[in-house]
Each structure stands twice: as C-alpha cells, then as structure tokens.
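Remarks on the structure that follows.
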Amino acid sequence: MVASTAVPHPYPTNLTPIASSLCPHCLARDRLRLWIPATKRSHVDVSDDDLDWILAVISHSHTVSTRETYGSGLLVYHVFCDTWGVSESQCCPAPSILLLAFISACTGLYAGATLANYFYAIHAWHLLHRAPWLADHTESLLALKGATQLAPPSSKCPKRAPFTVELIAKIHSVLDMLQLLHAAIFACLTTSFFTIACTGEFTVPSLVSFHADLSSHIKIQDIRYDEDHNGFEVVVFMLPHTKASQVGEEVYWAVQSGIINLQAALSNHLAMNQPPLSAAVFSWQHPAGLHPLTKSAFLACLQTAGDQLGTGALKGHGIHIGGTLEYLLQGVPFENVKAMGHWGSDAFLLYLWKHAMVLAPYLQDTPILEPFIHYMMLSTC
C-alpha cells in the first residue's frame, strides 16, 4: 500500500513548515503515516517494507476524512514547533508542556472542536509511530475546554438548519425535471433525506474519484427492491462505504404518503440519464459524457435553488438532520431512527431538545410518556 500518486497543493504561505526529509510534501491524508518522527521507534527486526505495510494498515483504521483532518493538524503542529524553535527530536515524543503550549498558541485562532481534532492528530501520530504519549490527560482536557470557551465567534460554523419536506417541495418547484442534472440532483436529495444518509455517501468527491476507487462508491447495481411478509415495499441501497462503517451498510426508504414522490424522483432520474449498472447511482448525462454526481455540484445546485427561494445558506448536513427530524416527527421510535441514520452514539438526541414538536407527543398526559422516559433513562445511565 503506497501513498496516493496525486500531486499535493502547495502549502499555504502562513503554514509552510521548514523543509525536512522526515516530513515530505504529500497529501494531507498521507501525513499521518509518511511524516516520520526523528526519534527511532523500537520494534522487532522487520524489513522497511514490512514496517511500511504495518503503518499503512494501522493508518487506515481512520476514515479518509479523519486522516485529512489529522494531516491538517500535523501541519499546524509542525509549523508551531518551527516557529518556537523546537527541534524535530523534541516534537516527538512531545513533552506535556509543549502540547499545552500548542493548545494555548492556537487558542483564539481555531474553533474548539477543530483544535481538539488537531490535538488528537498529534496523539494518533504518536501512537502510529509507537512514540510514548507524555501528555497529562487532565491538564490537556482543561486546556482544550478553555480554548473552546475562548474561541472567537467567527471560528464557529453557523448551526445547520434542517431540510424539511416543505423545503424539498419548494426546491422541486424551481428545478427543471427535464434537465438531466436537475433530475439526478432531486433524486439524490430525496433519497439522501429519506434514507438519513450523509451527503458524501450518494455523491463523489470529484469526477475522477469514482473511477479511481470503484469499490467505495454506490452504483446502480447496488439498488434493489424488497418487501416484507406484510407486503410493505422498500427500496434498498447498499452503500459499500460509510462514515460509520468501512464494510458498508444498507440504507432504505419506502414510498411516502406526503407531498414528495420518492419513486417518481428516482424513476425520472433513471429514465432521463439511463446510467448503466456499473455507473455511480446518480450519474447524469453531461455533454462530454456520463458524469458521476459530485458533492460540490450537488450542493451548488441546491444553493442556487435556495437563493431563488430566499432560504439562506443550505448545508449538506442539514439533509441528514432534516431526515432524522422528519421520522421523529412521524412518531418513529428513537432507537429505529438512530439505527436508520447509522448514528454511532446518542448525538442525534441533541436534535430532540431543540425541537419542541418532536417532544410534544411525549409531554402530554398520556401513556406515551412512558417509552420516552424509559429510553432517556437508558441513554443517560
């Protein structure tokens, strides 16, 4: 397993580390593995190739997006060390005081969550290269908490407004279903919303990424139609790779009785664009040939529609949040929604506390209160 052959972008002018053979200029997602500490690891007698393979396997325990975030964190850390005159041998293993100084120096420059990710990137880098982790756990947590409190408002992303069925219907009204791209985008939007999928699970990062890694992207052949013993029909999409699972998971939707016709949206896309079984599921017929639907094109088109409707900024995560809320508002049990959205934790409960309409049925003087209390007690025990 080797690093990507893609050419990395130049470093930003304010984040350019001192040139070093230990830290080659590579893609952010490869830095965790390819940036080698100056201090030698202690290991059994294995060849360099075997050691490289071990590092590659361990580094792939993180998703690509996590490795990219960690790579950004490593870059910031190394530039910090260069600025402070810290030698490469002192960067790793990093003394606890150096890590606290790094957090303090970054406070006010980054959002709390971003700085925490950068700190954990340094930790992951140490673990990957078998370097001792010398950070004081309690002090580090306190420093990160303080950095979060001191983070400037400008560093924090605005809250993602959830998509709603009504908003999707309005977007449909300003799209042209006879346009090939619009047909693919609306089918992707409705499917993502009602399967509670992440935006990147039905789109691709770039036009070349689909063919570069066919096994990681859903294709037409990964769709199937199923029904249970009661005759209830569902459309099942086998995602070969998700943020929560490297081995893939199934997501699904059933025809809804509301104002959104899911089957019509999907059927229109398939009839208009006619993607073959091996194509990305929401590929569309570009004048230059069949193109997989990229995340950037998908979100840009939705934002254009939003601008026409005066909705303000539309973010991809709002689709995931909106699908979650829609099913909760329909009265689908909490555990079912959690499973459908592939939530690995109870993070989705944050949405419950902020939306009175979700809780309203459980706040009435009726027996329906009991299952909610039971669930919340289990979640907080």
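By convention here, the chains of the structure tokens are called A, B, ... in the order presented, each chain's residues are numbered starting at 1, and ligands are numbered starting at 1 in the order presented.
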For the interface of stretch 88-185 of chain A with stretch 293-298 of chain A (cut-off 10 Å, counting only C-alpha atoms), please tabulate each contacting residue of stretch 88-185 of chain A alongside its nearest pair of atoms and their separation in Å to one decimal, rows sorted by chain and increasing number, as a Markdown table.
```
| residue | atom | partner | partner_atom | distance |
| --- | --- | --- | --- | --- |
| A:Leu181 | CA | A:Leu293 | CA | 8.4 |
| A:His182 | CA | A:Phe298 | CA | 9.1 |
| A:Ala184 | CA | A:Leu293 | CA | 7.6 |
| A:Ile185 | CA | A:Phe298 | CA | 6.0 |
```
Output as an NGL selection string all residues of stretch 37-244 of chain A that backbone DSSP marks as helix (DSSP H, G or I).
:A and (48-59 or 64-83 or 88-91 or 96-106 or 112-128 or 137-150 or 153-155 or 165-174 or 180-195 or 199-202 or 209-212 or 214-216 or 220-222)
Using atom CA of A:Met238 and atom CA of A:Pro292 as the two end points, give the distance in Å to one decimal.
17.1 Å
Report the closest atom pair, with its distance in Å rounded to one decimal, for each residue of stretch 222-321 of chain A that has an atom no farther than 10 Å from stretch 190-208 of chain A; count only C-alpha atoms, sort by chain and then rising residue number, and write it as a Markdown table.
```
| residue | atom | partner | partner_atom | distance |
| --- | --- | --- | --- | --- |
| A:Val235 | CA | A:Thr195 | CA | 9.7 |
| A:Val236 | CA | A:Thr195 | CA | 9.2 |
| A:Phe237 | CA | A:Thr195 | CA | 8.8 |
| A:Leu239 | CA | A:Glu201 | CA | 7.1 |
| A:Pro240 | CA | A:Glu201 | CA | 9.1 |
| A:His241 | CA | A:Glu201 | CA | 7.5 |
| A:Thr242 | CA | A:Glu201 | CA | 6.3 |
| A:Lys243 | CA | A:Cys198 | CA | 8.1 |
| A:Glu250 | CA | A:Thr195 | CA | 9.4 |
| A:Val251 | CA | A:Thr195 | CA | 5.6 |
| A:Tyr252 | CA | A:Thr195 | CA | 5.3 |
| A:Trp253 | CA | A:Thr195 | CA | 5.5 |
| A:Ala254 | CA | A:Phe194 | CA | 8.3 |
| A:Val255 | CA | A:Phe194 | CA | 9.6 |
| A:Gln256 | CA | A:Phe194 | CA | 9.2 |
| A:Ile260 | CA | A:Thr190 | CA | 7.9 |
| A:Asn261 | CA | A:Thr190 | CA | 8.7 |
| A:Leu262 | CA | A:Thr190 | CA | 6.3 |
| A:Gln263 | CA | A:Thr191 | CA | 9.4 |
| A:Ala265 | CA | A:Thr190 | CA | 7.5 |
| A:Leu266 | CA | A:Thr191 | CA | 8.0 |
| A:Ala280 | CA | A:Thr203 | CA | 8.2 |
| A:Val281 | CA | A:Phe202 | CA | 7.3 |
| A:Phe282 | CA | A:Phe202 | CA | 7.4 |
| A:Ser283 | CA | A:Thr203 | CA | 9.0 |
| A:His291 | CA | A:Leu207 | CA | 6.8 |
| A:Pro292 | CA | A:Leu207 | CA | 6.3 |
| A:Leu293 | CA | A:Thr203 | CA | 5.5 |
| A:Thr294 | CA | A:Val204 | CA | 4.6 |
| A:Lys295 | CA | A:Thr203 | CA | 5.2 |
| A:Ser296 | CA | A:Pro205 | CA | 7.5 |
| A:Ala297 | CA | A:Thr203 | CA | 9.3 |
| A:Phe298 | CA | A:Thr203 | CA | 7.8 |
| A:Leu299 | CA | A:Thr199 | CA | 8.9 |
| A:Lys315 | CA | A:Thr199 | CA | 9.5 |
| A:Gly316 | CA | A:Thr199 | CA | 5.7 |
| A:His317 | CA | A:Cys198 | CA | 6.9 |
| A:Gly318 | CA | A:Phe193 | CA | 9.1 |
| A:Ile319 | CA | A:Phe193 | CA | 5.4 |
| A:His320 | CA | A:Ile196 | CA | 5.1 |
| A:Ile321 | CA | A:Ile196 | CA | 7.7 |
```
What is the atom CA of A:Gly85 to atom CA of A:Pro152 distance in Å?
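Between atom CA of A:Gly85 and atom CA of A:Pro152 the gap works out to 27.2 Å.
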For A:Gly112, which of A:Pro12, A:Gly323, A:Pro132, A:Pro153 is the closest residue, counting only C-alpha atoms?
A:Pro153
Give me, as a ChimeraX atom specification, all polymer residues having an atom no more than 12 Å from A:Ala151, counting only C-alpha atoms and skipping those fewer than 4 positions away in the same chain.
/A:103-116,144-147,155-157
Strand (DSSP E) per DSSP on the backbone: members of stretch 187-305 of chain A, as a ChimeraX atom specification
/A:223-227,233-239,249-253,284-286,289-291
With N, CA and C atoms retained, export the selected residues as a compact mmCIF listing (two decimals), in the first residue's frame.
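Output file part01.txt is given in full below:
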```txt
# COMPACT_ATOMS: atom_id res chain seq x y z
N ILE A 223 -28.69 -1.10 -6.00
CA ILE A 223 -30.08 -0.82 -5.64
C ILE A 223 -30.90 -2.10 -5.80
N ARG A 224 -31.77 -2.37 -4.84
CA ARG A 224 -32.69 -3.50 -5.00
C ARG A 224 -34.04 -3.14 -4.38
N TYR A 225 -35.05 -3.80 -4.83
CA TYR A 225 -36.41 -3.59 -4.32
C TYR A 225 -36.80 -4.81 -3.49
N ASP A 226 -37.34 -4.54 -2.31
CA ASP A 226 -37.64 -5.63 -1.39
C ASP A 226 -38.99 -5.39 -0.73
N GLU A 227 -39.54 -6.43 -0.10
CA GLU A 227 -40.77 -6.27 0.67
C GLU A 227 -40.79 -7.30 1.78
N GLU A 233 -43.29 -2.51 0.78
CA GLU A 233 -42.16 -2.42 -0.13
C GLU A 233 -41.16 -1.36 0.32
N VAL A 234 -39.90 -1.65 0.13
CA VAL A 234 -38.82 -0.70 0.41
C VAL A 234 -37.82 -0.76 -0.72
N VAL A 235 -37.15 0.36 -0.93
CA VAL A 235 -36.04 0.41 -1.88
C VAL A 235 -34.76 0.43 -1.04
N VAL A 236 -33.88 -0.52 -1.32
CA VAL A 236 -32.67 -0.71 -0.50
C VAL A 236 -31.45 -0.28 -1.32
N PHE A 237 -30.59 0.50 -0.68
CA PHE A 237 -29.35 0.96 -1.30
C PHE A 237 -28.19 0.41 -0.47
N MET A 238 -27.35 -0.38 -1.09
CA MET A 238 -26.19 -0.93 -0.39
C MET A 238 -25.00 0.02 -0.55
N LEU A 239 -24.70 0.76 0.51
CA LEU A 239 -23.57 1.68 0.49
C LEU A 239 -22.31 0.88 0.81
N GLU A 249 -23.01 -0.43 4.60
CA GLU A 249 -24.29 -0.63 5.28
C GLU A 249 -25.43 -0.41 4.29
N GLU A 250 -26.57 -0.98 4.62
CA GLU A 250 -27.75 -0.77 3.81
C GLU A 250 -28.56 0.39 4.36
N VAL A 251 -29.04 1.24 3.45
CA VAL A 251 -30.00 2.29 3.81
C VAL A 251 -31.21 2.09 2.90
N TYR A 252 -32.33 2.66 3.27
CA TYR A 252 -33.54 2.32 2.54
C TYR A 252 -34.60 3.38 2.76
N TRP A 253 -35.55 3.43 1.83
CA TRP A 253 -36.73 4.26 2.01
C TRP A 253 -37.94 3.52 1.48
N TRP A 284 -25.14 11.52 -14.27
CA TRP A 284 -26.00 12.27 -15.19
C TRP A 284 -25.28 12.48 -16.52
N GLN A 285 -26.07 12.68 -17.56
CA GLN A 285 -25.54 12.78 -18.90
C GLN A 285 -25.06 14.21 -19.19
N HIS A 286 -23.76 14.42 -19.02
CA HIS A 286 -23.11 15.68 -19.36
C HIS A 286 -22.82 15.68 -20.86
N GLY A 289 -20.18 13.44 -21.74
CA GLY A 289 -20.32 12.04 -21.38
C GLY A 289 -20.93 11.89 -20.01
N LEU A 290 -21.11 10.65 -19.58
CA LEU A 290 -21.73 10.37 -18.28
C LEU A 290 -20.81 10.82 -17.15
N HIS A 291 -21.34 11.64 -16.24
CA HIS A 291 -20.57 12.14 -15.11
C HIS A 291 -21.18 11.65 -13.80
```
Hey, which of A:Ala161, A:Thr148, A:Ser216, A:Leu99 ends up closest to A:Val64? Count only C-alpha atoms.
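Smallest distance to A:Val64 is found for A:Ser216.
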Who sits within 6 Å of stretch 20-36 of chain A, only C-alpha atoms, same chain under 3 positions skipped, as a list of chain:residue names:
A:Pro8, A:Arg67, A:Glu68, A:Gly71, A:Trp125
So the first atom is atom CA of A:Pro287 and the second is atom CA of A:His211; what is the distance between them in Å, to one decimal place?
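For atom CA of A:Pro287 relative to atom CA of A:His211, the distance reads 18.7 Å.
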